[in-house]
file model26.cif (mmCIF, C-alpha atoms)
data_my_file
loop_
_atom_site.label_atom_id
_atom_site.label_comp_id
_atom_site.auth_asym_id
_atom_site.auth_seq_id
_atom_site.Cartn_x
_atom_site.Cartn_y
_atom_site.Cartn_z
CA MET K 1 -22.77 -7.04 -21.42
CA SER K 2 -19.94 -4.60 -22.08
CA PRO K 3 -16.35 -5.92 -21.90
CA THR K 4 -15.68 -3.72 -18.87
CA LEU K 5 -18.62 -5.08 -16.89
CA LEU K 6 -17.78 -8.62 -17.98
CA GLN K 7 -14.20 -8.28 -16.73
CA ALA K 8 -15.34 -6.75 -13.44
CA ALA K 9 -17.97 -9.44 -12.85
CA LEU K 10 -15.51 -12.21 -13.71
CA ALA K 11 -12.80 -10.78 -11.42
CA PHE K 12 -15.26 -10.31 -8.55
CA SER K 13 -16.63 -13.85 -8.84
CA LEU K 14 -13.23 -15.49 -9.26
CA THR K 15 -11.80 -13.67 -6.22
CA LEU K 16 -14.66 -14.79 -4.01
CA PHE K 17 -14.36 -18.36 -5.28
CA CYS K 18 -10.58 -18.45 -4.75
CA ILE K 19 -10.94 -17.12 -1.19
CA TRP K 20 -13.60 -19.75 -0.44
CA ALA K 21 -11.49 -22.55 -1.97
CA LEU K 22 -8.06 -21.53 -0.71
CA ALA K 23 -8.92 -20.62 2.90
CA PRO K 24 -9.19 -24.21 4.19
CA VAL K 25 -6.04 -25.19 2.28
CA ALA K 26 -4.14 -22.30 3.88
CA MET K 27 -5.32 -23.40 7.32
CA ARG K 28 -3.91 -26.89 6.73
CA LEU K 29 -0.62 -25.59 5.37
CA GLY K 30 -0.11 -23.08 8.19
CA LEU K 31 -0.42 -20.08 5.88
CA VAL K 32 -2.23 -18.07 8.54
CA ASP K 33 -1.86 -14.95 10.62
CA ALA K 34 -1.97 -15.80 14.32
CA PRO K 35 -2.69 -13.13 16.97
CA ASN K 36 0.20 -11.79 19.06
CA HIS K 37 1.23 -8.63 20.92
CA ARG K 38 1.01 -6.63 17.67
CA LYS K 39 -1.98 -8.38 16.12
CA LEU K 40 -5.16 -8.44 18.16
CA HIS K 41 -7.57 -10.24 15.83
CA GLN K 42 -9.49 -13.33 16.95
CA GLY K 43 -8.03 -16.69 15.94
CA SER K 44 -5.80 -17.65 13.03
CA ILE K 45 -6.83 -16.01 9.74
CA PRO K 46 -5.82 -17.47 6.34
CA LEU K 47 -3.51 -15.26 4.28
CA VAL K 48 -5.01 -15.91 0.85
CA GLY K 49 -6.45 -12.52 -0.15
CA GLY K 50 -3.43 -11.51 -2.20
CA LEU K 51 -3.19 -14.87 -3.94
CA ALA K 52 -6.92 -14.79 -4.79
CA ILE K 53 -6.59 -11.30 -6.30
CA TYR K 54 -3.57 -12.34 -8.37
CA LEU K 55 -5.25 -15.50 -9.65
CA ALA K 56 -8.29 -13.45 -10.68
CA LEU K 57 -6.04 -10.96 -12.48
CA LEU K 58 -4.21 -13.78 -14.24
CA ALA K 59 -7.42 -15.55 -15.29
CA VAL K 60 -9.18 -12.43 -16.56
CA SER K 61 -6.11 -11.33 -18.52
CA ILE K 62 -6.13 -14.72 -20.27
CA VAL K 63 -9.84 -15.21 -20.94
CA GLY K 64 -11.17 -11.66 -20.70
CA GLY K 65 -8.86 -9.99 -23.18
CA GLN K 66 -8.15 -6.29 -23.37
CA THR K 67 -10.60 -3.43 -23.26
CA ASP K 68 -10.24 -1.32 -26.37
CA GLU K 69 -9.24 2.04 -24.97
CA GLY K 70 -6.02 2.31 -26.88
CA HIS K 71 -3.74 3.78 -24.25
CA HIS K 72 -0.31 2.42 -23.47
CA ALA K 73 -1.07 1.23 -19.93
CA LEU K 74 -3.10 -1.65 -21.38
CA ARG K 75 -0.72 -2.91 -24.06
CA PRO K 76 -0.46 -6.72 -23.92
CA ASP K 77 3.31 -6.62 -23.37
CA ILE K 78 2.87 -4.30 -20.38
CA VAL K 79 0.17 -6.51 -18.89
CA ARG K 80 2.53 -9.50 -19.23
CA VAL K 81 5.23 -7.59 -17.36
CA PHE K 82 2.73 -6.71 -14.63
CA LEU K 83 1.66 -10.34 -14.31
CA THR K 84 5.23 -11.65 -14.22
CA ALA K 85 6.52 -9.11 -11.70
CA GLY K 86 3.35 -9.38 -9.64
CA GLY K 87 3.66 -13.16 -9.64
CA MET K 88 7.21 -12.88 -8.30
CA LEU K 89 6.00 -10.69 -5.44
CA VAL K 90 3.09 -13.01 -4.67
CA VAL K 91 5.41 -16.01 -4.43
CA LEU K 92 7.81 -14.00 -2.27
CA GLY K 93 4.94 -12.87 -0.05
CA ILE K 94 3.57 -16.40 0.40
CA LEU K 95 7.01 -17.70 1.37
CA ASP K 96 7.46 -14.81 3.78
CA ASP K 97 4.00 -15.28 5.31
CA ARG K 98 4.69 -18.98 5.84
CA PHE K 99 8.40 -19.14 6.66
CA HIS K 100 9.25 -15.55 7.75
CA LEU K 101 12.11 -14.81 5.37
CA SER K 102 15.05 -12.67 6.42
CA VAL K 103 15.07 -8.94 5.74
CA PHE K 104 18.01 -9.38 3.35
CA THR K 105 16.14 -11.97 1.28
CA ARG K 106 13.03 -9.80 1.04
CA VAL K 107 14.95 -6.67 0.10
CA LEU K 108 17.00 -8.52 -2.51
CA ALA K 109 13.92 -10.06 -4.10
CA GLU K 110 11.97 -6.78 -4.15
CA ILE K 111 14.90 -4.92 -5.71
CA GLY K 112 15.08 -7.72 -8.29
CA VAL K 113 11.40 -7.18 -9.16
CA ALA K 114 12.02 -3.44 -9.46
CA LEU K 115 14.93 -4.02 -11.83
CA PHE K 116 12.83 -6.46 -13.87
CA LEU K 117 10.14 -3.79 -14.33
CA ILE K 118 12.70 -1.14 -15.29
CA GLU K 119 14.49 -3.40 -17.79
CA SER K 120 11.31 -4.83 -19.31
CA LEU K 121 9.71 -1.44 -20.03
CA ASN K 122 12.80 0.79 -20.12
CA LEU K 123 10.99 2.70 -17.39
CA ARG K 124 13.08 5.30 -15.57
CA MET K 125 12.41 8.50 -13.67
CA ALA K 126 14.73 10.82 -15.54
CA ASN K 127 12.94 14.13 -14.99
CA LEU K 128 11.60 15.12 -11.56
CA GLY K 129 10.19 18.44 -12.74
CA ASP K 130 10.73 21.94 -11.37
CA LEU K 131 10.51 21.18 -7.64
CA PHE K 132 12.41 24.20 -6.34
CA GLY K 133 11.58 26.87 -8.92
CA PHE K 134 15.06 26.85 -10.46
CA GLY K 135 14.31 24.69 -13.48
CA GLU K 136 13.65 21.02 -14.14
CA ILE K 137 15.70 18.45 -12.22
CA LYS K 138 17.01 15.96 -14.75
CA LEU K 139 18.77 12.81 -13.60
CA ALA K 140 21.67 11.29 -15.48
CA PRO K 141 21.06 7.74 -16.78
CA TRP K 142 23.42 6.25 -14.19
CA LEU K 143 21.43 7.92 -11.41
CA SER K 144 17.87 7.54 -12.76
CA TYR K 145 18.20 3.75 -12.85
CA PRO K 146 18.88 3.15 -9.11
CA PHE K 147 16.58 6.04 -8.17
CA THR K 148 13.65 4.43 -9.98
CA ALA K 149 14.42 1.07 -8.35
CA LEU K 150 14.49 2.76 -4.93
CA VAL K 151 11.13 4.45 -5.58
CA ILE K 152 9.53 1.13 -6.55
CA PHE K 153 10.97 -0.57 -3.48
CA MET K 154 9.81 2.20 -1.13
CA VAL K 155 6.24 2.35 -2.47
CA ILE K 156 5.84 -1.44 -2.31
CA ASN K 157 6.88 -1.39 1.34
CA ALA K 158 4.84 1.72 2.16
CA TYR K 159 1.68 -0.12 1.12
CA ASN K 160 2.83 -3.22 2.96
CA MET K 161 3.32 -1.22 6.17
CA LEU K 162 -0.18 0.24 5.98
CA ASP K 163 -1.81 -3.19 5.91
CA GLY K 164 -2.60 -3.57 9.59
CA MET K 165 -6.35 -3.16 10.01
CA ASP K 166 -9.40 -4.80 8.47
CA GLY K 167 -10.34 -3.15 5.20
CA LEU K 168 -7.73 -0.39 5.39
CA LEU K 169 -5.35 -1.20 2.55
CA GLY K 170 -8.17 -2.34 0.27
CA VAL K 171 -10.04 0.93 0.70
CA ILE K 172 -6.86 3.02 0.29
CA VAL K 173 -5.95 1.25 -2.96
CA LEU K 174 -9.49 1.75 -4.30
CA ILE K 175 -9.17 5.46 -3.50
CA THR K 176 -5.77 5.53 -5.22
CA ILE K 177 -7.10 3.84 -8.36
CA PHE K 178 -10.03 6.27 -8.53
CA ALA K 179 -7.65 9.22 -8.09
CA PHE K 180 -5.29 7.70 -10.69
CA HIS K 181 -7.98 7.97 -13.37
CA LEU K 182 -8.96 11.48 -12.25
CA PHE K 183 -5.33 12.62 -12.36
CA SER K 184 -4.44 11.01 -15.69
CA GLY K 185 -7.76 11.36 -17.49
CA LEU K 186 -7.37 7.79 -18.75
CA PRO K 187 -10.37 5.44 -18.89
CA PRO K 188 -10.40 2.29 -16.73
CA GLY K 189 -8.47 -0.59 -18.27
CA LEU K 190 -7.87 -4.27 -17.58
CA ILE K 191 -5.53 -3.83 -14.62
CA THR K 192 -7.55 -1.23 -12.74
CA ILE K 193 -10.89 -2.88 -13.51
CA VAL K 194 -9.77 -6.29 -12.25
CA ILE K 195 -7.95 -4.95 -9.19
CA SER K 196 -10.93 -2.78 -8.19
CA ALA K 197 -13.46 -5.61 -8.60
CA SER K 198 -11.18 -8.09 -6.83
CA LEU K 199 -10.66 -5.69 -3.93
CA ALA K 200 -14.43 -5.29 -3.59
CA ALA K 201 -14.71 -9.07 -3.33
CA PHE K 202 -11.81 -9.22 -0.86
CA LEU K 203 -13.43 -6.59 1.36
CA ILE K 204 -16.56 -8.73 1.58
CA SER K 205 -14.38 -11.46 3.10
CA ASN K 206 -12.08 -9.25 5.14
CA LEU K 207 -14.89 -7.23 6.74
CA GLY K 208 -17.09 -10.29 7.30
CA LEU K 209 -19.94 -9.04 5.12
CA ALA K 210 -20.98 -12.49 3.87
CA PRO K 211 -21.27 -15.41 6.33
CA PHE K 212 -20.59 -18.04 3.64
CA ILE K 213 -17.23 -16.47 2.67
CA PRO K 214 -14.41 -17.13 5.19
CA LYS K 215 -12.53 -14.16 6.58
CA CYS K 216 -9.05 -13.71 5.11
CA PHE K 217 -6.18 -11.23 5.09
CA LEU K 218 -4.16 -9.97 2.14
CA GLY K 219 -0.87 -11.14 3.62
CA ASP K 220 2.47 -9.82 2.38
CA ALA K 221 1.64 -11.37 -0.99
CA GLY K 222 -1.38 -9.11 -1.37
CA SER K 223 -0.05 -5.88 0.13
CA LYS K 224 3.13 -6.00 -1.93
CA LEU K 225 1.23 -6.93 -5.09
CA LEU K 226 -1.07 -3.93 -4.63
CA GLY K 227 1.83 -1.61 -3.85
CA PHE K 228 3.60 -2.79 -7.00
CA ILE K 229 0.50 -2.29 -9.17
CA VAL K 230 0.05 1.25 -7.85
CA VAL K 231 3.67 2.31 -8.31
CA ALA K 232 3.95 0.69 -11.73
CA LEU K 233 0.82 2.45 -13.00
CA THR K 234 2.04 5.72 -11.52
CA LEU K 235 5.42 5.42 -13.21
CA LEU K 236 3.74 4.67 -16.53
CA VAL K 237 1.75 7.91 -16.50
CA THR K 238 4.58 10.08 -15.14
CA SER K 239 7.25 8.87 -17.57
CA VAL K 240 7.60 9.47 -21.31
CA GLN K 241 9.66 6.40 -22.18
CA VAL K 242 6.71 4.04 -22.62
CA GLY K 243 3.75 6.00 -23.94
CA LYS K 244 5.63 9.09 -25.21
CA ILE K 245 3.14 11.20 -23.22
CA ARG K 246 3.36 12.41 -19.63
CA TYR K 247 -0.16 12.33 -18.23
CA VAL K 248 0.80 13.32 -14.66
CA GLN K 249 3.65 15.46 -13.34
CA PRO K 250 5.99 13.67 -10.88
CA ILE K 251 5.13 16.02 -8.00
CA THR K 252 1.41 15.43 -8.56
CA ALA K 253 2.04 11.68 -8.48
CA ILE K 254 3.38 11.99 -4.93
CA TYR K 255 -0.01 13.37 -3.86
CA LEU K 256 -1.56 10.33 -5.51
CA LEU K 257 0.50 8.02 -3.29
CA GLY K 258 -0.10 10.32 -0.30
CA LEU K 259 -1.02 8.56 2.94
CA PRO K 260 1.09 5.37 2.57
CA LEU K 261 4.18 7.52 1.93
CA PHE K 262 3.33 9.90 4.79
CA ASP K 263 2.80 6.99 7.17
CA MET K 264 6.02 5.24 6.18
CA ALA K 265 8.11 8.43 6.38
CA PHE K 266 6.70 9.47 9.77
CA THR K 267 7.05 5.98 11.24
CA THR K 268 10.63 5.63 9.97
CA LEU K 269 11.62 9.04 11.36
CA ARG K 270 10.00 8.25 14.70
CA ARG K 271 11.88 4.97 14.99
CA VAL K 272 15.21 6.61 14.13
CA LEU K 273 14.69 9.45 16.62
CA ASP K 274 13.79 6.88 19.30
CA GLY K 275 17.04 5.04 18.60
CA LYS K 276 15.27 2.01 17.09
CA SER K 277 15.86 0.17 13.84
CA PRO K 278 13.89 1.83 11.00
CA ILE K 279 13.03 -1.57 9.50
CA ARG K 280 11.89 -3.32 12.66
CA ALA K 281 8.11 -3.79 12.84
CA ASP K 282 6.33 -2.13 15.74
CA ASN K 283 3.01 -0.54 16.72
CA THR K 284 3.65 3.02 15.53
CA HIS K 285 1.55 3.27 12.35
CA ILE K 286 -1.56 5.39 12.05
CA HIS K 287 -3.92 2.45 12.54
CA HIS K 288 -2.09 1.53 15.77
CA LEU K 289 -2.47 5.13 16.96
CA LEU K 290 -6.23 5.18 16.47
CA ARG K 291 -6.53 1.87 18.31
CA GLU K 292 -4.54 3.36 21.21
CA LEU K 293 -6.94 6.31 21.20
CA GLY K 294 -9.83 3.93 21.67
CA LEU K 295 -11.51 4.25 18.27
CA SER K 296 -13.49 1.29 17.00
CA GLY K 297 -12.36 -0.47 13.84
CA LYS K 298 -15.11 1.08 11.72
CA ARG K 299 -14.47 4.62 12.97
CA ALA K 300 -10.72 4.25 12.52
CA LEU K 301 -11.26 2.94 8.99
CA LEU K 302 -13.52 5.87 8.14
CA LEU K 303 -11.08 8.44 9.57
CA ILE K 304 -7.98 6.99 7.90
CA SER K 305 -9.82 6.62 4.60
CA SER K 306 -10.84 10.28 4.80
CA ILE K 307 -7.22 11.29 5.33
CA GLY K 308 -6.19 8.95 2.52
CA ALA K 309 -8.65 10.63 0.15
CA SER K 310 -7.87 14.21 1.20
CA ILE K 311 -4.22 14.13 0.09
CA PRO K 312 -4.90 13.06 -3.54
CA PHE K 313 -7.86 15.48 -3.62
CA LEU K 314 -5.53 18.33 -2.61
CA GLY K 315 -3.07 17.32 -5.32
CA LEU K 316 -5.84 17.12 -7.90
CA MET K 317 -7.07 20.63 -7.08
CA LEU K 318 -3.54 22.02 -7.34
CA ALA K 319 -2.96 20.24 -10.66
CA LYS K 320 -6.29 21.40 -12.13
CA ALA K 321 -5.49 24.95 -11.04
CA GLU K 322 -2.15 24.63 -12.89
CA THR K 323 -0.25 25.50 -9.74
CA PRO K 324 3.52 25.74 -10.39
CA GLU K 325 5.33 22.55 -9.47
CA SER K 326 7.53 24.31 -6.94
CA TYR K 327 4.41 25.52 -5.10
CA GLN K 328 2.92 22.03 -5.22
CA PHE K 329 6.11 20.67 -3.70
CA SER K 330 6.15 23.31 -0.94
CA ILE K 331 2.51 22.60 -0.09
CA LEU K 332 3.24 18.86 0.00
CA VAL K 333 6.14 19.38 2.40
CA GLY K 334 3.94 21.61 4.54
CA ALA K 335 1.20 18.96 4.56
CA PHE K 336 3.70 16.32 5.67
CA ILE K 337 5.03 18.56 8.46
CA LEU K 338 1.45 19.16 9.63
CA TYR K 339 0.82 15.41 9.51
CA CYS K 340 3.91 14.80 11.66
CA ILE K 341 2.87 17.44 14.21
CA VAL K 342 -0.67 16.06 14.51
CA MET K 343 0.55 12.48 14.74
CA THR K 344 3.16 13.35 17.37
CA GLN K 345 0.62 15.14 19.54
CA ALA K 346 -1.92 12.35 19.05
CA TRP K 347 0.65 9.76 20.18
CA HIS K 348 1.35 11.92 23.25
CA VAL K 349 -2.36 11.89 24.09
CA ALA K 350 -2.58 8.14 23.46
CA ARG K 351 0.33 7.41 25.79
CA LYS K 352 -1.14 9.58 28.56
CA ARG K 353 -4.46 7.82 28.06
CA THR K 354 -2.93 4.36 28.58
CA GLN K 355 -0.68 5.32 31.51
CA PRO K 356 -3.45 5.18 34.18
CA VAL K 357 -4.45 1.72 32.97
CA GLU K 358 -0.85 0.50 33.09
CA ALA K 359 -0.40 2.02 36.57
CA SER K 360 -3.56 0.25 37.82
CA LEU K 361 -2.36 -3.07 36.45
CA ASN K 362 1.04 -2.65 38.08
CA GLN K 363 -0.64 -1.85 41.41
CA VAL K 364 -2.75 -4.99 41.16
CA ILE K 365 0.36 -7.07 40.45
CA ILE K 366 2.16 -5.57 43.44
CA GLU K 367 -0.78 -6.26 45.75
CA VAL K 368 -1.29 -9.81 44.51
CA SER K 369 2.35 -10.90 44.43
CA PRO K 370 2.90 -11.24 48.25
CA THR K 371 -0.17 -13.46 48.51
CA ASP K 372 1.08 -15.66 45.69
CA LYS K 373 4.45 -16.07 47.37
CA ALA K 374 2.82 -17.01 50.66
#

call {"tool": "encode", "arguments": {"input": "model26.cif", "output": "C-alpha cells"}}
result
Amino acid sequence: MSPTLLQAALAFSLTLFCIWALAPVAMRLGLVDAPNHRKLHQGSIPLVGGLAIYLALLAVSIVGGQTDEGHHALRPDIVRVFLTAGGMLVVLGILDDRFHLSVFTRVLAEIGVALFLIESLNLRMANLGDLFGFGEIKLAPWLSYPFTALVIFMVINAYNMLDGMDGLLGVIVLITIFAFHLFSGLPPGLITIVISASLAAFLISNLGLAPFIPKCFLGDAGSKLLGFIVVALTLLVTSVQVGKIRYVQPITAIYLLGLPLFDMAFTTLRRVLDGKSPIRADNTHIHHLLRELGLSGKRALLLISSIGASIPFLGLMLAKAETPESYQFSILVGAFILYCIVMTQAWHVARKRTQPVEASLNQVIIEVSPTDKA
C-alpha cells in the first residue's frame, strides 16, 4: 500500500474509533450540545468530532511519517507547529464547549495562537498584490504583523460561524482542500490527507450513515481547528517567507476561502445595521436562512455546498486565465455585493413566510387566554 493510502486509511479508522470511544465519555462529562432556541437537533449530542480529528492527525504524524513530495508545506518543523497550534485551539474549544468561556478569553487565546504561528514560521502577509491597478500594496513590517494575526483570527472564526448544520462545515472544508491543491498545484501531503480522511469519517458519524457509530458534532474545538488548518495552509502558499515561492496570489486565496468569509462579512454587517452586537450569536447565517425558507437539511446542504464550490471555481478560472489582480478583486467585490443582495431578499421572503404562522399562533393564544383565566 502506498504511503498516501496508508495515512488516509489510518486517519479514517482512528477518527471513527475515537468518536466511538469518546462519545460516551463526553456524555458523562457534560461535553454535549443541547438543543435550544438556536439549535433544533434532537437530544444532547457529544462534541467530540474535533478532538477525534486532532487525535488522528497527531497519531498519523507520529507513526505515519511524511509523504515524500518535497514541498515546504510538509516539512517536519511546520507539521509540529500545526500540531502545537492546533492542539491549543482544541483545548480552548473543549473548555469553551464545556464551560462557555468569555468572549475576551476566547479572543485573547485565538490571537495568541495566531502570534505563535507567525513567530514560529516567520509568516507574514507583507505583499497584498496589485488590488487596485496602481501597483503592488506592500505592508511595512510593523503593519504586516498585526494584519496577519487579524487575518488568522478572522478566518478561524469565519469557519466556526459556519458550523451550524449537519455535514456543512465538513463538506466545505473538503471542498476548500480540493481547491487548495488545484490552486497551488501541490500534491496532497500529510496534513491535507489526514484532514480529508478524518472529515470523511466524521461525516459518517455526523450524518448518521453508520448505526454503530454515535452521532457527534465538531464543537468549537473542531471548527476552529479546521479554520486554523485552512488559513495556515493558505498563508503558506501565498507567502514567500517559508518556501521562497508564491504558489497562489493573495487575491486568489480569498476566492479559496470564499463562502465562510462571505457569510461572516454579511452576517456581521447585518447585525451592525440592525443595531446589534457584531459578535453576539444569532440565527442570521446562511444555514439559518435556508431553514427559515423551509428547505430540508439535505437540500440545504446541497445548495450551500454548491455555493461554497462556485466561489473557488470562479477564482480558479480567473487565475488560470491570468486575469489581472485588480480585475479579480473587482469581480470578488461584485460577487460579494450580489451575495448580499440575494441574501437580503431571501431573508425578506423568509420573514414574510413565517409571519402568517406567527400571527396564527398569536391568535390562538389570545383566544385561549380568557378560558385559562376563568

call {"tool": "residues_around", "arguments": {"input": "model26.cif", "residues": "stretch 132-136 of chain K", "least_positions_apart": "4", "cutoff": "7 Å", "atoms": "all atoms listed in the file", "output": "MDAnalysis selection string"}}
result
chainID K and resid 127:128 326

call {"tool": "resolve_selection", "arguments": {"input": "model26.cif", "expression": "the PyMOL selection byres ((chain K and resi 333) around 12)", "output": "VMD selection string"}}
result
chain K and resid 131 to 132 251 254 to 255 258 262 265 311 326 to 332 334 to 340

call {"tool": "resolve_selection", "arguments": {"input": "model26.cif", "expression": "the PyMOL selection byres ((chain K and resi 157-169) around 7)", "output": "VMD selection string"}}
result
chain K and resid 153 to 156 170 to 173 203 206 to 207 220 223 to 224 227 260 to 261 264 287 301

call {"tool": "atom_distance", "arguments": {"input": "model26.cif", "atom1": "atom CA of K:Val240", "atom2": "atom CA of K:Met125"}}
result
9.1 Å

call {"tool": "closest_residue", "arguments": {"input": "model26.cif", "among": "K:Ala281, K:Cys216, K:Met317, K:Leu302", "to": "K:Leu182", "atoms": "only C-alpha atoms"}}
result
K:Met317

call {"tool": "residues_near_point", "arguments": {"input": "model26.cif", "point": "(-0.6, -10.6, 1.1)", "cutoff": "9 Å", "atoms": "all atoms listed in the file", "output": "PDB file with C-alpha atoms, keeping the file's coordinate frame"}}
result
ATOM      1  CA  LEU K  47      -3.510 -15.260   4.280  1.00  0.00           C
ATOM      2  CA  VAL K  48      -5.010 -15.910   0.850  1.00  0.00           C
ATOM      3  CA  GLY K  49      -6.450 -12.520  -0.150  1.00  0.00           C
ATOM      4  CA  GLY K  50      -3.430 -11.510  -2.200  1.00  0.00           C
ATOM      5  CA  LEU K  51      -3.190 -14.870  -3.940  1.00  0.00           C
ATOM      6  CA  VAL K  90       3.090 -13.010  -4.670  1.00  0.00           C
ATOM      7  CA  GLY K  93       4.940 -12.870  -0.050  1.00  0.00           C
ATOM      8  CA  ILE K  94       3.570 -16.400   0.400  1.00  0.00           C
ATOM      9  CA  ASP K  97       4.000 -15.280   5.310  1.00  0.00           C
ATOM     10  CA  ASN K 160       2.830  -3.220   2.960  1.00  0.00           C
ATOM     11  CA  ASP K 163      -1.810  -3.190   5.910  1.00  0.00           C
ATOM     12  CA  PHE K 217      -6.180 -11.230   5.090  1.00  0.00           C
ATOM     13  CA  LEU K 218      -4.160  -9.970   2.140  1.00  0.00           C
ATOM     14  CA  GLY K 219      -0.870 -11.140   3.620  1.00  0.00           C
ATOM     15  CA  ASP K 220       2.470  -9.820   2.380  1.00  0.00           C
ATOM     16  CA  ALA K 221       1.640 -11.370  -0.990  1.00  0.00           C
ATOM     17  CA  GLY K 222      -1.380  -9.110  -1.370  1.00  0.00           C
ATOM     18  CA  SER K 223      -0.050  -5.880   0.130  1.00  0.00           C
ATOM     19  CA  LYS K 224       3.130  -6.000  -1.930  1.00  0.00           C
ATOM     20  CA  LEU K 225       1.230  -6.930  -5.090  1.00  0.00           C
ATOM     21  CA  LEU K 226      -1.070  -3.930  -4.630  1.00  0.00           C
TER      22      LEU K 226
END

call {"tool": "atom_distance", "arguments": {"input": "model26.cif", "atom1": "atom CA of K:Ala114", "atom2": "atom CA of K:Ile152"}}
result
6.0 Å

call {"tool": "residues_around", "arguments": {"input": "model26.cif", "residues": "stretch 192-200 of chain K", "least_positions_apart": "2", "cutoff": "8 Å", "atoms": "all atoms listed in the file", "output": "number ranges by chain"}}
result
K: 4, 7-9, 11-12, 15, 53, 56-57, 60, 170, 174, 177, 188-190, 202-204

call {"tool": "write_last_selection", "arguments": {"input": "model26.cif", "atoms": "C-alpha atoms", "output": "PDB file, in the coordinates of the input"}}
result
ATOM      1  CA  THR K   4     -15.680  -3.720 -18.870  1.00  0.00           C
ATOM      2  CA  GLN K   7     -14.200  -8.280 -16.730  1.00  0.00           C
ATOM      3  CA  ALA K   8     -15.340  -6.750 -13.440  1.00  0.00           C
ATOM      4  CA  ALA K   9     -17.970  -9.440 -12.850  1.00  0.00           C
ATOM      5  CA  ALA K  11     -12.800 -10.780 -11.420  1.00  0.00           C
ATOM      6  CA  PHE K  12     -15.260 -10.310  -8.550  1.00  0.00           C
ATOM      7  CA  THR K  15     -11.800 -13.670  -6.220  1.00  0.00           C
ATOM      8  CA  ILE K  53      -6.590 -11.300  -6.300  1.00  0.00           C
ATOM      9  CA  ALA K  56      -8.290 -13.450 -10.680  1.00  0.00           C
ATOM     10  CA  LEU K  57      -6.040 -10.960 -12.480  1.00  0.00           C
ATOM     11  CA  VAL K  60      -9.180 -12.430 -16.560  1.00  0.00           C
ATOM     12  CA  GLY K 170      -8.170  -2.340   0.270  1.00  0.00           C
ATOM     13  CA  LEU K 174      -9.490   1.750  -4.300  1.00  0.00           C
ATOM     14  CA  ILE K 177      -7.100   3.840  -8.360  1.00  0.00           C
ATOM     15  CA  PRO K 188     -10.400   2.290 -16.730  1.00  0.00           C
ATOM     16  CA  GLY K 189      -8.470  -0.590 -18.270  1.00  0.00           C
ATOM     17  CA  LEU K 190      -7.870  -4.270 -17.580  1.00  0.00           C
ATOM     18  CA  PHE K 202     -11.810  -9.220  -0.860  1.00  0.00           C
ATOM     19  CA  LEU K 203     -13.430  -6.590   1.360  1.00  0.00           C
ATOM     20  CA  ILE K 204     -16.560  -8.730   1.580  1.00  0.00           C
TER      21      ILE K 204
END

call {"tool": "atom_distance", "arguments": {"input": "model26.cif", "atom1": "atom CA of K:Lys138", "atom2": "atom CA of K:Leu117"}}
result
20.9 Å

call {"tool": "closest_residue", "arguments": {"input": "model26.cif", "among": "K:Arg271, K:Arg106, K:Lys215, K:Arg291", "to": "K:Ala350", "atoms": "all atoms listed in the file"}}
result
K:Arg291

call {"tool": "resolve_selection", "arguments": {"input": "model26.cif", "expression": "the PyMOL selection byres ((chain K and resi 292) around 9)", "output": "PyMOL selection string"}}
result
chain K and resi 287-291+293-295+347+350-351+353-354

call {"tool": "write_last_selection", "arguments": {"input": "model26.cif", "atoms": "C-alpha atoms", "output": "PDB file, in the coordinates of the input"}}
result
ATOM      1  CA  HIS K 287      -3.920   2.450  12.540  1.00  0.00           C
ATOM      2  CA  HIS K 288      -2.090   1.530  15.770  1.00  0.00           C
ATOM      3  CA  LEU K 289      -2.470   5.130  16.960  1.00  0.00           C
ATOM      4  CA  LEU K 290      -6.230   5.180  16.470  1.00  0.00           C
ATOM      5  CA  ARG K 291      -6.530   1.870  18.310  1.00  0.00           C
ATOM      6  CA  LEU K 293      -6.940   6.310  21.200  1.00  0.00           C
ATOM      7  CA  GLY K 294      -9.830   3.930  21.670  1.00  0.00           C
ATOM      8  CA  LEU K 295     -11.510   4.250  18.270  1.00  0.00           C
ATOM      9  CA  TRP K 347       0.650   9.760  20.180  1.00  0.00           C
ATOM     10  CA  ALA K 350      -2.580   8.140  23.460  1.00  0.00           C
ATOM     11  CA  ARG K 351       0.330   7.410  25.790  1.00  0.00           C
ATOM     12  CA  ARG K 353      -4.460   7.820  28.060  1.00  0.00           C
ATOM     13  CA  THR K 354      -2.930   4.360  28.580  1.00  0.00           C
TER      14      THR K 354
END

call {"tool": "build_atoms", "arguments": {"input": "model26.cif", "residues": "stretch 266-272 of chain K", "atoms": "N, CA, C and O atoms", "output": "PDB file, in the coordinates of the input"}}
result
ATOM      1  N   PHE K 266       6.835   9.076   8.360  1.00  0.00           N
ATOM      2  CA  PHE K 266       6.700   9.470   9.770  1.00  0.00           C
ATOM      3  C   PHE K 266       7.139   8.326  10.687  1.00  0.00           C
ATOM      4  O   PHE K 266       7.865   8.560  11.668  1.00  0.00           O
ATOM      5  N   THR K 267       6.700   7.118  10.401  1.00  0.00           N
ATOM      6  CA  THR K 267       7.050   5.980  11.240  1.00  0.00           C
ATOM      7  C   THR K 267       8.551   5.733  11.239  1.00  0.00           C
ATOM      8  O   THR K 267       9.156   5.472  12.289  1.00  0.00           O
ATOM      9  N   THR K 268       9.180   5.832  10.064  1.00  0.00           N
ATOM     10  CA  THR K 268      10.630   5.630   9.970  1.00  0.00           C
ATOM     11  C   THR K 268      11.377   6.697  10.760  1.00  0.00           C
ATOM     12  O   THR K 268      12.317   6.385  11.510  1.00  0.00           O
ATOM     13  N   LEU K 269      10.968   7.957  10.610  1.00  0.00           N
ATOM     14  CA  LEU K 269      11.620   9.040  11.360  1.00  0.00           C
ATOM     15  C   LEU K 269      11.447   8.847  12.863  1.00  0.00           C
ATOM     16  O   LEU K 269      12.391   9.060  13.641  1.00  0.00           O
ATOM     17  N   ARG K 270      10.271   8.441  13.273  1.00  0.00           N
ATOM     18  CA  ARG K 270      10.000   8.250  14.700  1.00  0.00           C
ATOM     19  C   ARG K 270      10.885   7.136  15.271  1.00  0.00           C
ATOM     20  O   ARG K 270      11.415   7.263  16.385  1.00  0.00           O
ATOM     21  N   ARG K 271      11.036   6.067  14.527  1.00  0.00           N
ATOM     22  CA  ARG K 271      11.880   4.970  14.990  1.00  0.00           C
ATOM     23  C   ARG K 271      13.334   5.416  15.106  1.00  0.00           C
ATOM     24  O   ARG K 271      14.018   5.108  16.094  1.00  0.00           O
ATOM     25  N   VAL K 272      13.818   6.153  14.111  1.00  0.00           N
ATOM     26  CA  VAL K 272      15.210   6.610  14.130  1.00  0.00           C
ATOM     27  C   VAL K 272      15.441   7.553  15.306  1.00  0.00           C
ATOM     28  O   VAL K 272      16.442   7.438  16.034  1.00  0.00           O
TER      29      VAL K 272
END
